[in-house]
$ cat run_2.pdb   # PDB, C-alpha atoms and all ligand atoms
ATOM      1  CA  MET A  13     -27.952 -12.477  -5.367
ATOM      2  CA  LYS A  14     -25.385 -14.750  -7.025
ATOM      3  CA  LYS A  15     -21.734 -13.867  -6.617
ATOM      4  CA  ILE A  16     -19.662 -14.093  -9.798
ATOM      5  CA  LEU A  17     -15.919 -13.703 -10.278
ATOM      6  CA  MET A  18     -14.895 -11.975 -13.479
ATOM      7  CA  ILE A  19     -11.436 -13.060 -14.612
ATOM      8  CA  ALA A  20     -10.129 -10.673 -17.249
ATOM      9  CA  THR A  21      -7.441 -11.736 -19.712
ATOM     10  CA  GLY A  22      -7.587  -9.042 -22.428
ATOM     11  CA  GLY A  23      -8.838  -9.397 -26.020
ATOM     12  CA  THR A  24     -10.685  -7.015 -28.329
ATOM     13  CA  ILE A  25     -13.411  -6.487 -25.743
ATOM     14  CA  ALA A  26     -10.864  -4.672 -23.544
ATOM     15  CA  SER A  27      -8.913  -3.044 -26.347
ATOM     16  CA  GLU A  28      -8.118   0.596 -27.045
ATOM     17  CA  MET A  29      -6.844   2.013 -30.306
ATOM     18  CA  THR A  30      -3.075   2.436 -30.458
ATOM     19  CA  PRO A  31      -1.015   3.792 -33.377
ATOM     20  CA  SER A  32      -0.354   0.236 -34.501
ATOM     21  CA  GLY A  33      -3.859  -1.165 -34.000
ATOM     22  CA  LEU A  34      -6.111  -2.427 -31.226
ATOM     23  CA  ALA A  35      -4.430  -3.620 -28.022
ATOM     24  CA  PRO A  36      -5.959  -4.639 -24.677
ATOM     25  CA  GLU A  37      -5.820  -1.859 -22.087
ATOM     26  CA  LEU A  38      -9.141  -1.678 -20.214
ATOM     27  CA  ASN A  39      -9.401  -3.358 -16.830
ATOM     28  CA  PRO A  40     -12.495  -5.339 -15.805
ATOM     29  CA  GLN A  41     -13.919  -2.506 -13.681
ATOM     30  CA  GLN A  42     -13.736  -0.231 -16.707
ATOM     31  CA  LEU A  43     -15.478  -2.878 -18.816
ATOM     32  CA  LEU A  44     -18.271  -3.254 -16.272
ATOM     33  CA  SER A  45     -18.745   0.524 -16.074
ATOM     34  CA  PHE A  46     -20.148   0.338 -19.635
ATOM     35  CA  ILE A  47     -22.899  -2.071 -18.529
ATOM     36  CA  PRO A  48     -24.640  -0.986 -15.276
ATOM     37  CA  ARG A  49     -27.258  -3.700 -15.905
ATOM     38  CA  ILE A  50     -24.833  -6.396 -14.745
ATOM     39  CA  ALA A  51     -24.795  -5.010 -11.187
ATOM     40  CA  GLU A  52     -28.577  -5.544 -11.063
ATOM     41  CA  VAL A  53     -28.184  -9.191 -12.033
ATOM     42  CA  CYS A  54     -25.394 -10.325  -9.721
ATOM     43  CA  GLU A  55     -22.665  -9.265  -7.346
ATOM     44  CA  VAL A  56     -19.384  -9.116  -9.277
ATOM     45  CA  GLU A  57     -15.805  -9.191  -8.095
ATOM     46  CA  CYS A  58     -12.938  -8.793 -10.531
ATOM     47  CA  LEU A  59      -9.556 -10.319 -11.092
ATOM     48  CA  GLN A  60      -7.330  -8.867 -13.788
ATOM     49  CA  LEU A  61      -5.230 -11.924 -14.560
ATOM     50  CA  TYR A  62      -3.732 -10.896 -17.922
ATOM     51  CA  SER A  63      -4.077  -8.122 -20.439
ATOM     52  CA  LEU A  64      -3.221  -9.963 -23.633
ATOM     53  CA  ASP A  65      -4.309 -10.226 -27.196
ATOM     54  CA  SER A  66      -5.287 -13.888 -27.247
ATOM     55  CA  THR A  67      -2.753 -14.441 -30.034
ATOM     56  CA  ASN A  68      -0.308 -14.334 -27.118
ATOM     57  CA  ILE A  69      -2.215 -16.730 -24.866
ATOM     58  CA  ARG A  70      -0.304 -19.997 -24.383
ATOM     59  CA  PRO A  71      -0.709 -23.158 -22.305
ATOM     60  CA  GLN A  72       0.922 -21.434 -19.305
ATOM     61  CA  HIS A  73      -2.010 -18.986 -19.352
ATOM     62  CA  TRP A  74      -4.555 -21.840 -19.529
ATOM     63  CA  LEU A  75      -2.933 -23.216 -16.375
ATOM     64  CA  GLY A  76      -3.028 -19.738 -14.814
ATOM     65  CA  ILE A  77      -6.748 -19.335 -15.524
ATOM     66  CA  ALA A  78      -7.509 -22.818 -14.169
ATOM     67  CA  GLN A  79      -5.529 -22.007 -11.035
ATOM     68  CA  ALA A  80      -7.425 -18.732 -10.559
ATOM     69  CA  VAL A  81     -10.724 -20.611 -10.787
ATOM     70  CA  ARG A  82      -9.446 -23.253  -8.377
ATOM     71  CA  GLU A  83      -8.255 -20.742  -5.769
ATOM     72  CA  ASN A  84     -11.577 -18.891  -5.864
ATOM     73  CA  TYR A  85     -13.915 -21.781  -6.521
ATOM     74  CA  ASP A  86     -15.627 -21.951  -3.133
ATOM     75  CA  GLN A  87     -16.183 -18.194  -2.798
ATOM     76  CA  TYR A  88     -18.232 -17.736  -5.987
ATOM     77  CA  ASP A  89     -21.314 -19.169  -7.699
ATOM     78  CA  GLY A  90     -19.864 -18.876 -11.170
ATOM     79  CA  PHE A  91     -17.033 -17.482 -13.270
ATOM     80  CA  VAL A  92     -16.924 -15.182 -16.288
ATOM     81  CA  ILE A  93     -13.640 -15.148 -18.178
ATOM     82  CA  SER A  94     -13.231 -12.310 -20.661
ATOM     83  CA  HIS A  95     -10.844 -13.369 -23.411
ATOM     84  CA  GLY A  96      -9.798 -12.565 -26.961
ATOM     85  CA  THR A  97     -11.729 -14.469 -29.578
ATOM     86  CA  ASP A  98      -8.782 -15.645 -31.659
ATOM     87  CA  THR A  99      -7.700 -18.473 -29.379
ATOM     88  CA  MET A 100     -10.755 -18.642 -27.130
ATOM     89  CA  ALA A 101     -11.736 -22.063 -28.507
ATOM     90  CA  TYR A 102      -8.338 -23.474 -27.473
ATOM     91  CA  THR A 103      -8.643 -21.962 -23.997
ATOM     92  CA  ALA A 104     -12.189 -23.294 -23.661
ATOM     93  CA  ALA A 105     -11.013 -26.770 -24.651
ATOM     94  CA  ALA A 106      -8.006 -26.639 -22.323
ATOM     95  CA  LEU A 107     -10.117 -25.482 -19.360
ATOM     96  CA  SER A 108     -12.550 -28.326 -20.075
ATOM     97  CA  TYR A 109      -9.722 -30.795 -19.330
ATOM     98  CA  LEU A 110      -8.120 -28.830 -16.499
ATOM     99  CA  ILE A 111     -11.436 -28.305 -14.671
ATOM    100  CA  GLN A 112     -13.746 -31.269 -14.986
ATOM    101  CA  GLU A 113     -17.171 -31.990 -13.480
ATOM    102  CA  SER A 114     -17.676 -28.414 -12.290
ATOM    103  CA  PRO A 115     -21.194 -27.908 -10.939
ATOM    104  CA  LYS A 116     -20.667 -24.150 -11.323
ATOM    105  CA  PRO A 117     -20.725 -22.379 -14.697
ATOM    106  CA  ILE A 118     -17.340 -21.317 -16.073
ATOM    107  CA  VAL A 119     -18.171 -18.993 -18.951
ATOM    108  CA  LEU A 120     -15.804 -17.582 -21.543
ATOM    109  CA  THR A 121     -16.782 -14.571 -23.570
ATOM    110  CA  GLY A 122     -15.277 -11.745 -25.573
ATOM    111  CA  ALA A 123     -16.185  -9.645 -28.563
ATOM    112  CA  GLN A 124     -15.365  -8.854 -32.152
ATOM    113  CA  LYS A 125     -15.534  -5.092 -31.496
ATOM    114  CA  PRO A 126     -14.228  -3.148 -28.476
ATOM    115  CA  ILE A 127     -16.713  -2.121 -25.823
ATOM    116  CA  TRP A 128     -16.468   1.611 -26.642
ATOM    117  CA  PHE A 129     -17.407   1.170 -30.338
ATOM    118  CA  ASP A 130     -20.884   2.482 -31.240
ATOM    119  CA  SER A 131     -21.623  -0.820 -32.896
ATOM    120  CA  THR A 132     -20.221  -3.415 -30.527
ATOM    121  CA  ASP A 133     -21.101  -6.940 -29.510
ATOM    122  CA  SER A 134     -19.237  -6.529 -26.204
ATOM    123  CA  LYS A 135     -22.227  -5.392 -24.153
ATOM    124  CA  ARG A 136     -24.516  -8.170 -25.258
ATOM    125  CA  ASN A 137     -21.875 -10.857 -24.853
ATOM    126  CA  LEU A 138     -20.761  -9.726 -21.414
ATOM    127  CA  THR A 139     -24.327  -9.320 -20.144
ATOM    128  CA  ASP A 140     -25.290 -12.753 -21.511
ATOM    129  CA  ALA A 141     -22.173 -14.292 -19.969
ATOM    130  CA  PHE A 142     -23.100 -12.999 -16.509
ATOM    131  CA  LEU A 143     -26.714 -14.099 -16.929
ATOM    132  CA  TYR A 144     -25.514 -17.559 -17.889
ATOM    133  CA  ALA A 145     -23.025 -17.676 -15.024
ATOM    134  CA  CYS A 146     -25.989 -17.020 -12.698
ATOM    135  CA  ARG A 147     -28.607 -19.263 -14.284
ATOM    136  CA  GLY A 148     -26.894 -21.733 -16.578
ATOM    137  CA  CYS A 149     -25.351 -25.175 -16.284
ATOM    138  CA  GLY A 150     -22.039 -26.115 -14.762
ATOM    139  CA  GLY A 151     -18.932 -26.828 -16.806
ATOM    140  CA  VAL A 152     -16.891 -24.809 -19.264
ATOM    141  CA  GLN A 153     -18.854 -23.013 -21.954
ATOM    142  CA  ILE A 154     -18.523 -20.123 -24.399
ATOM    143  CA  VAL A 155     -21.327 -17.558 -24.468
ATOM    144  CA  PHE A 156     -21.190 -15.524 -27.653
ATOM    145  CA  ASN A 157     -23.718 -13.791 -29.882
ATOM    146  CA  GLY A 158     -26.615 -15.277 -27.936
ATOM    147  CA  LYS A 159     -25.365 -18.862 -28.191
ATOM    148  CA  VAL A 160     -23.999 -21.146 -25.513
ATOM    149  CA  ILE A 161     -21.393 -23.569 -26.850
ATOM    150  CA  LEU A 162     -19.752 -26.414 -24.980
ATOM    151  CA  GLY A 163     -16.071 -25.664 -24.290
ATOM    152  CA  THR A 164     -14.890 -28.831 -26.032
ATOM    153  CA  ARG A 165     -16.920 -28.137 -29.172
ATOM    154  CA  ALA A 166     -16.228 -24.498 -29.964
ATOM    155  CA  ARG A 167     -14.410 -23.147 -33.001
ATOM    156  CA  LYS A 168     -13.946 -19.621 -34.260
ATOM    157  CA  THR A 169     -15.528 -19.778 -37.702
ATOM    158  CA  CYS A 170     -15.951 -16.089 -38.578
ATOM    159  CA  SER A 171     -13.065 -13.669 -38.270
ATOM    160  CA  LYS A 172     -15.092 -10.435 -38.381
ATOM    161  CA  SER A 173     -18.846 -10.816 -37.905
ATOM    162  CA  PHE A 174     -20.543 -11.068 -34.520
ATOM    163  CA  GLN A 175     -21.447 -14.696 -35.190
ATOM    164  CA  ALA A 176     -17.854 -15.670 -34.453
ATOM    165  CA  PHE A 177     -18.208 -19.157 -32.954
ATOM    166  CA  SER A 178     -19.778 -22.408 -34.023
ATOM    167  CA  SER A 179     -20.355 -25.610 -32.168
ATOM    168  CA  VAL A 180     -18.679 -28.410 -34.123
ATOM    169  CA  ASN A 181     -20.271 -31.856 -34.350
ATOM    170  CA  TYR A 182     -22.497 -31.055 -31.377
ATOM    171  CA  PRO A 183     -25.553 -28.807 -30.934
ATOM    172  CA  ASP A 184     -25.543 -25.454 -29.157
ATOM    173  CA  LEU A 185     -26.432 -25.984 -25.512
ATOM    174  CA  ALA A 186     -28.660 -22.942 -25.154
ATOM    175  CA  VAL A 187     -29.563 -19.544 -26.518
ATOM    176  CA  LEU A 188     -30.035 -16.252 -24.714
ATOM    177  CA  GLN A 189     -32.665 -13.941 -26.167
ATOM    178  CA  ASP A 190     -33.546 -10.624 -24.501
ATOM    179  CA  GLU A 191     -32.156 -11.960 -21.227
ATOM    180  CA  HIS A 192     -34.234 -15.146 -21.431
ATOM    181  CA  LEU A 193     -32.281 -18.356 -21.274
ATOM    182  CA  LEU A 194     -33.522 -21.239 -23.428
ATOM    183  CA  GLN A 195     -31.521 -24.221 -22.236
ATOM    184  CA  TYR A 196     -31.864 -26.866 -24.968
ATOM    185  CA  ILE A 197     -29.359 -29.276 -23.488
ATOM    186  CA  VAL A 198     -28.595 -29.596 -19.809
ATOM    187  CA  ASN A 199     -24.881 -30.081 -19.566
ATOM    188  CA  ASP A 200     -24.231 -32.883 -17.113
ATOM    189  CA  CYS A 201     -21.699 -32.039 -14.499
ATOM    190  CA  GLY A 202     -20.583 -33.462 -11.211
ATOM    191  CA  GLU A 203     -21.044 -32.500  -7.581
ATOM    192  CA  LYS A 204     -17.462 -31.425  -7.078
ATOM    193  CA  PRO A 205     -14.923 -30.086  -9.574
ATOM    194  CA  VAL A 206     -11.835 -32.104 -10.392
ATOM    195  CA  PHE A 207      -8.830 -29.868 -11.080
ATOM    196  CA  TYR A 208      -5.656 -30.767 -12.992
ATOM    197  CA  ASP A 209      -2.501 -28.673 -13.036
ATOM    198  CA  LYS A 210      -0.212 -30.326 -15.569
ATOM    199  CA  LEU A 211       0.076 -30.167 -19.353
ATOM    200  CA  ASP A 212       2.779 -31.509 -21.635
ATOM    201  CA  THR A 213       3.009 -28.665 -24.106
ATOM    202  CA  ASN A 214       5.287 -30.584 -26.436
ATOM    203  CA  VAL A 215       2.416 -31.254 -28.827
ATOM    204  CA  GLY A 216       2.515 -30.189 -32.471
ATOM    205  CA  LEU A 217      -0.046 -29.862 -35.230
ATOM    206  CA  LEU A 218       0.729 -30.389 -38.898
ATOM    207  CA  LYS A 219      -1.785 -29.485 -41.568
ATOM    208  CA  LEU A 220      -1.100 -31.433 -44.754
ATOM    209  CA  ILE A 221      -1.300 -29.843 -48.170
ATOM    210  CA  PRO A 222      -1.109 -31.764 -51.422
ATOM    211  CA  GLY A 223       2.618 -32.306 -51.832
ATOM    212  CA  THR A 224       3.704 -31.907 -48.187
ATOM    213  CA  ALA A 225       7.246 -33.257 -47.870
ATOM    214  CA  ALA A 226       7.678 -36.394 -45.762
ATOM    215  CA  GLU A 227      10.753 -34.749 -44.248
ATOM    216  CA  LEU A 228       8.467 -32.183 -42.634
ATOM    217  CA  VAL A 229       6.501 -35.000 -40.987
ATOM    218  CA  ALA A 230       9.799 -36.497 -39.829
ATOM    219  CA  PHE A 231      10.901 -33.170 -38.361
ATOM    220  CA  MET A 232       7.609 -32.699 -36.529
ATOM    221  CA  ALA A 233       7.653 -36.264 -35.219
ATOM    222  CA  ASP A 234      11.189 -35.733 -33.899
ATOM    223  CA  ARG A 235      10.406 -32.366 -32.381
ATOM    224  CA  TYR A 236       7.217 -33.287 -30.495
ATOM    225  CA  ASP A 237       6.068 -35.914 -28.014
ATOM    226  CA  GLY A 238       2.599 -35.818 -29.506
ATOM    227  CA  LEU A 239       1.923 -35.049 -33.171
ATOM    228  CA  ILE A 240      -1.515 -34.299 -34.545
ATOM    229  CA  ILE A 241      -1.790 -34.560 -38.305
ATOM    230  CA  GLU A 242      -4.667 -32.742 -39.967
ATOM    231  CA  SER A 243      -5.176 -34.809 -43.058
ATOM    232  CA  PHE A 244      -7.796 -34.672 -45.819
ATOM    233  CA  GLY A 245     -11.381 -35.947 -45.798
ATOM    234  CA  VAL A 246     -12.047 -38.811 -43.413
ATOM    235  CA  GLY A 247      -8.298 -39.254 -43.120
ATOM    236  CA  GLY A 248      -5.230 -40.865 -44.597
ATOM    237  CA  LEU A 249      -1.562 -40.358 -45.273
ATOM    238  CA  PRO A 250      -0.190 -39.695 -48.772
ATOM    239  CA  GLN A 251       1.500 -42.551 -50.591
ATOM    240  CA  TYR A 252       3.574 -40.613 -53.151
ATOM    241  CA  GLU A 253       5.870 -42.652 -55.405
ATOM    242  CA  ALA A 254       9.104 -41.011 -54.295
ATOM    243  CA  GLU A 255       8.270 -40.097 -50.692
ATOM    244  CA  GLU A 256       7.668 -42.464 -47.869
ATOM    245  CA  PHE A 257       5.377 -41.177 -45.156
ATOM    246  CA  TYR A 258       4.503 -44.548 -43.704
ATOM    247  CA  PRO A 259       8.012 -45.463 -42.433
ATOM    248  CA  VAL A 260       8.332 -41.998 -40.890
ATOM    249  CA  ILE A 261       5.199 -42.529 -38.841
ATOM    250  CA  ARG A 262       6.036 -46.173 -38.122
ATOM    251  CA  ASP A 263       9.452 -45.176 -36.736
ATOM    252  CA  ALA A 264       7.992 -42.312 -34.710
ATOM    253  CA  VAL A 265       5.418 -44.653 -33.155
ATOM    254  CA  ALA A 266       8.178 -47.195 -32.436
ATOM    255  CA  ARG A 267      10.079 -44.456 -30.583
ATOM    256  CA  GLY A 268       7.055 -43.850 -28.345
ATOM    257  CA  LYS A 269       5.687 -40.783 -30.095
ATOM    258  CA  ILE A 270       1.942 -40.350 -29.936
ATOM    259  CA  VAL A 271       0.457 -39.701 -33.365
ATOM    260  CA  VAL A 272      -3.143 -38.546 -33.747
ATOM    261  CA  MET A 273      -4.766 -38.376 -37.168
ATOM    262  CA  THR A 274      -7.553 -35.882 -37.700
ATOM    263  CA  THR A 275      -9.129 -33.998 -40.572
ATOM    264  CA  GLN A 276      -8.986 -30.430 -41.822
ATOM    265  CA  VAL A 277     -12.617 -30.725 -42.950
ATOM    266  CA  PRO A 278     -14.630 -28.485 -40.608
ATOM    267  CA  ASN A 279     -17.468 -30.901 -39.886
ATOM    268  CA  GLU A 280     -18.182 -34.602 -39.250
ATOM    269  CA  GLY A 281     -14.698 -35.748 -38.282
ATOM    270  CA  SER A 282     -12.364 -38.538 -39.306
ATOM    271  CA  ASP A 283     -12.854 -42.212 -40.058
ATOM    272  CA  LEU A 284      -9.492 -43.622 -41.061
ATOM    273  CA  ALA A 285     -10.748 -47.120 -41.764
ATOM    274  CA  VAL A 286     -12.778 -46.065 -44.824
ATOM    275  CA  TYR A 287      -9.953 -45.725 -47.386
ATOM    276  CA  HIS A 288      -6.789 -47.701 -47.861
ATOM    277  CA  VAL A 289      -4.676 -44.525 -47.362
ATOM    278  CA  GLY A 290      -5.998 -44.398 -43.791
ATOM    279  CA  GLY A 291      -6.977 -48.002 -43.083
ATOM    280  CA  HIS A 292      -3.443 -49.207 -43.859
ATOM    281  CA  LEU A 293      -2.127 -46.946 -41.106
ATOM    282  CA  LYS A 294      -4.850 -47.679 -38.620
ATOM    283  CA  SER A 295      -4.661 -51.450 -38.982
ATOM    284  CA  THR A 296      -0.864 -51.696 -38.695
ATOM    285  CA  LEU A 297       0.285 -48.895 -36.377
ATOM    286  CA  ARG A 298      -0.540 -47.910 -32.837
ATOM    287  CA  LEU A 299      -1.882 -44.470 -33.505
ATOM    288  CA  LEU A 300      -5.011 -42.578 -32.594
ATOM    289  CA  GLU A 301      -7.628 -40.657 -34.509
ATOM    290  CA  ALA A 302      -9.755 -37.752 -33.382
ATOM    291  CA  TYR A 303     -13.058 -38.902 -34.935
ATOM    292  CA  ASP A 304     -15.603 -36.162 -34.151
ATOM    293  CA  MET A 305     -13.369 -34.149 -31.797
ATOM    294  CA  THR A 306     -12.358 -30.655 -32.798
ATOM    295  CA  THR A 307      -8.686 -30.038 -33.494
ATOM    296  CA  GLU A 308      -8.677 -27.542 -30.620
ATOM    297  CA  ALA A 309      -9.955 -30.222 -28.254
ATOM    298  CA  ALA A 310      -7.560 -32.845 -29.633
ATOM    299  CA  VAL A 311      -4.586 -30.516 -29.047
ATOM    300  CA  ALA A 312      -5.630 -29.658 -25.486
ATOM    301  CA  LYS A 313      -6.613 -33.229 -24.640
ATOM    302  CA  LEU A 314      -3.301 -34.613 -25.843
ATOM    303  CA  MET A 315      -1.406 -32.027 -23.741
ATOM    304  CA  TRP A 316      -3.545 -32.966 -20.742
ATOM    305  CA  ILE A 317      -3.030 -36.712 -21.270
ATOM    306  CA  LEU A 318       0.717 -36.491 -21.926
ATOM    307  CA  GLY A 319       0.966 -34.456 -18.736
ATOM    308  CA  GLN A 320      -0.149 -37.618 -16.941
ATOM    309  CA  THR A 321       1.271 -40.561 -18.849
ATOM    310  CA  ARG A 322       3.328 -41.675 -21.851
ATOM    311  CA  ASP A 323       2.124 -45.263 -21.768
ATOM    312  CA  PHE A 324       0.335 -45.851 -25.075
ATOM    313  CA  ASP A 325      -2.453 -48.036 -23.641
ATOM    314  CA  GLU A 326      -3.240 -45.398 -21.043
ATOM    315  CA  VAL A 327      -2.970 -42.565 -23.576
ATOM    316  CA  GLU A 328      -5.373 -44.453 -25.840
ATOM    317  CA  ARG A 329      -7.825 -45.115 -23.048
ATOM    318  CA  LEU A 330      -7.841 -41.496 -21.908
ATOM    319  CA  PHE A 331      -8.027 -40.117 -25.453
ATOM    320  CA  TYR A 332     -11.133 -42.107 -26.340
ATOM    321  CA  GLU A 333     -12.818 -41.656 -22.966
ATOM    322  CA  PRO A 334     -15.235 -38.719 -23.360
ATOM    323  CA  VAL A 335     -14.572 -35.618 -21.259
ATOM    324  CA  ALA A 336     -17.285 -32.969 -21.364
ATOM    325  CA  LYS A 337     -18.798 -34.610 -24.476
ATOM    326  CA  ASP A 338     -15.649 -33.940 -26.493
ATOM    327  CA  ILE A 339     -15.953 -37.229 -28.380
ATOM    328  CA  LEU A 340     -19.145 -39.117 -29.081
ATOM    329  CA  TYR A 341     -17.874 -41.618 -31.597
ATOM    330  CA  SER A 342     -17.800 -44.966 -29.870
ATOM    331  CA  VAL A 343     -14.646 -46.976 -30.320
ATOM    332  CA  GLU A 344     -15.493 -50.673 -30.361
TER     333      GLU A 344
HETATM  334  N1  LIG B   1      -6.982 -10.399 -31.625
HETATM  335  C1  LIG B   1      -8.068 -10.368 -30.665
HETATM  336  C2  LIG B   1      -7.777 -11.399 -29.592
HETATM  337  O1  LIG B   1      -7.939 -12.541 -29.829
HETATM  338  C3  LIG B   1      -9.358 -10.649 -31.342
HETATM  339  C4  LIG B   1     -10.576 -10.628 -30.474
HETATM  340  O2  LIG B   1     -10.532 -10.597 -29.262
HETATM  341  O3  LIG B   1     -11.684 -10.659 -31.061
HETATM  342  O4  LIG B   1      -7.363 -11.048 -28.523
END
$ encode --input "run_2.pdb" --output "structure tokens" --more "lines below"
Ligand code: ASP
Amino acid sequence: MKKILMIATGGTIASEMTPSGLAPELNPQQLLSFIPRIAEVCEVECLQLYSLDSTNIRPQHWLGIAQAVRENYDQYDGFVISHGTDTMAYTAAALSYLIQESPKPIVLTGAQKPIWFDSTDSKRNLTDAFLYACRGCGGVQIVFNGKVILGTRARKTCSKSFQAFSSVNYPDLAVLQDEHLLQYIVNDCGEKPVFYDKLDTNVGLLKLIPGTAAELVAFMADRYDGLIIESFGVGGLPQYEAEEFYPVIRDAVARGKIVVMTTQVPNEGSDLAVYHVGGHLKSTLRLLEAYDMTTEAAVAKLMWILGQTRDFDEVERLFYEPVAKDILYSVE
């Protein structure tokens, strides 16, 4: 029988009702007591790492989860991490950079409804997560509502329904139906995991709206080492008559700031070179673009890269080098 470590971090799945709303209170043993089937599938040991609404999960917790996996890696065949859904896609992306090439499955799951609700997705998701941790591919993945999504490609796209996550610009890896695993894509992984334990959390994200003030871009560029700008369409920076965005970015780049352009469009990614508003930037400034990467992955990847280097050439090389299929667009 496979031996799986369950690392609990909180979320709706473990929540009880309090006077002010749902808050995580159940421990992993209590969660498992709702699903005796899991004990027939594998041997489970539990680690209650956090008990947080994932709104409160931050990079320090990503590092904590990665460290827990690292410390226990050799003793288990796979890992199930129960987590709130709200920031699960960020955690999945971050773990994909902090734990690379893992031959063992590292599975995140959670639920939209607590486990004690009559109508809950908790039982299915947790059971599927353990099944996948026993039978699935290595690497970091989210198992949710019968789908297996690569950790670098996940996004929460529904705030209430059970179909909470989508795989962005990449197909689902597998589905689980009635405990049968249909593995459409075999996730390639290595023979030994490579762990990282540093992130530069001084990374900011700015979503543009029509009329965003250039001074806000200047503030963000001052405040952060790495600035991701979620622009419109395939990408570009406004050229308003009275407001100069270009010099703000040019000066930030000159001061060694790393600027990454991406898009707020949910699918298909950026391509700055298409329009003058983007091509002008791309052809004259040393900045990066996310192409088909998710914003969640771009944020986590930039933190991971800036934790290692500030040299632009090296940042550029690492950013465009695929990790766990996070970017497919080939940069010529
Ligand atoms: N607010 C909850 C959380 O992210 C939502 C959930 O788990 O579904 O922890």
$ residues_near_ligand --input "run_2.pdb" --ligand "ligand LIG 1 (chain B)" --cutoff "7 Å" --atoms "all atoms listed in the file" --output "ChimeraX atom specification"
/A:22-25,64-67,95-99,122-125
$ closest_residue --input "run_2.pdb" --among "A:Leu188, A:Asn181, A:Arg298, A:Tyr287" --to "Tyr341 in chain A" --atoms "all atoms listed in the file"
A:Asn181
$ resolve_selection --input "run_2.pdb" --expression "the PyMOL selection byres (((chain A and resi 109) around 10) and not hetatm)" --output "VMD selection string"
chain A and resid 78 104 to 108 110 to 113 152 163 to 164 206 to 209 211 309 312 to 317 335 to 336 338
$ residues_around --input "run_2.pdb" --residues "Lys337 in chain A" --least-positions-apart "2" --cutoff "9 Å" --atoms "only C-alpha atoms" --output "list in words"
Leu162, Thr164, Arg165, Tyr182, Pro334, Val335, Ile339 and Leu340 of chain A
$ resolve_selection --input "run_2.pdb" --expression "the PyMOL selection byres (((chain A and resi 92) around 7) and not hetatm)" --output "PyMOL selection string"
chain A and resi 17-19+90-91+93-94+118-120+141-142+145
$ resolve_selection --input "run_2.pdb" --expression "the PyMOL selection byres (((chain A and resi 240) around 8) and not hetatm)" --output "PyMOL selection string"
chain A and resi 215-218+238-239+241-242+271-274+310-311
$ write_last_selection --input "run_2.pdb" --atoms "C-alpha atoms" --output "compact mmCIF listing (two decimals), in the coordinates of the input"
# COMPACT_ATOMS: atom_id res chain seq x y z
CA VAL A 215 2.42 -31.25 -28.83
CA GLY A 216 2.52 -30.19 -32.47
CA LEU A 217 -0.05 -29.86 -35.23
CA LEU A 218 0.73 -30.39 -38.90
CA GLY A 238 2.60 -35.82 -29.51
CA LEU A 239 1.92 -35.05 -33.17
CA ILE A 241 -1.79 -34.56 -38.30
CA GLU A 242 -4.67 -32.74 -39.97
CA VAL A 271 0.46 -39.70 -33.36
CA VAL A 272 -3.14 -38.55 -33.75
CA MET A 273 -4.77 -38.38 -37.17
CA THR A 274 -7.55 -35.88 -37.70
CA ALA A 310 -7.56 -32.84 -29.63
CA VAL A 311 -4.59 -30.52 -29.05
$ closest_residue --input "run_2.pdb" --among "A:Glu203, A:Leu194, A:Leu138, A:Tyr258" --to "Ile47 in chain A" --atoms "all atoms listed in the file"
A:Leu138
$ closest_residue --input "run_2.pdb" --among "A:Tyr303, A:Phe174, A:Phe324, A:Tyr252" --to "Val289 in chain A" --atoms "only C-alpha atoms"
A:Tyr252
$ closest_residue --input "run_2.pdb" --among "A:Ser45, A:Thr103, A:Thr307, A:Gln87" --to "Thr275 in chain A" --atoms "only C-alpha atoms"
A:Thr307
$ residues_around --input "run_2.pdb" --residues "Glu37 in chain A" --least-positions-apart "4" --cutoff "7 Å" --atoms "all atoms listed in the file" --output "count of residues only"
4
$ closest_residue --input "run_2.pdb" --among "A:Leu75, A:Asp323, A:Ala101, A:Ser173" --to "Ser131 in chain A" --atoms "only C-alpha atoms"
A:Ser173
$ atom_distance --input "run_2.pdb" --atom1 "CA of Gly202 in chain A" --atom2 "CA of Ala166 in chain A"
21.2 Å
$ axis_aligned_box --input "run_2.pdb" --around "range 284-290 of chain A" --padding-each-side "3 Å" --output "lines of an AutoDock Vina configuration file"
center_x = -8.7
center_y = -45.7
center_z = -44.5
size_x = 14.1
size_y = 10.1
size_z = 12.8
$ atom_distance --input "run_2.pdb" --atom1 "CA of Cys58 in chain A" --atom2 "CA of Asp133 in chain A"
20.7 Å
$ atom_distance --input "run_2.pdb" --atom1 "CA of Phe244 in chain A" --atom2 "CA of Ala302 in chain A"
13.0 Å
$ residues_near_point --input "run_2.pdb" --point "(-33.1, -25.1, -22.3)" --cutoff "12 Å" --atoms "only C-alpha atoms" --output "PyMOL selection string"
chain A and resi 144+147-149+159-160+184-189+192-199
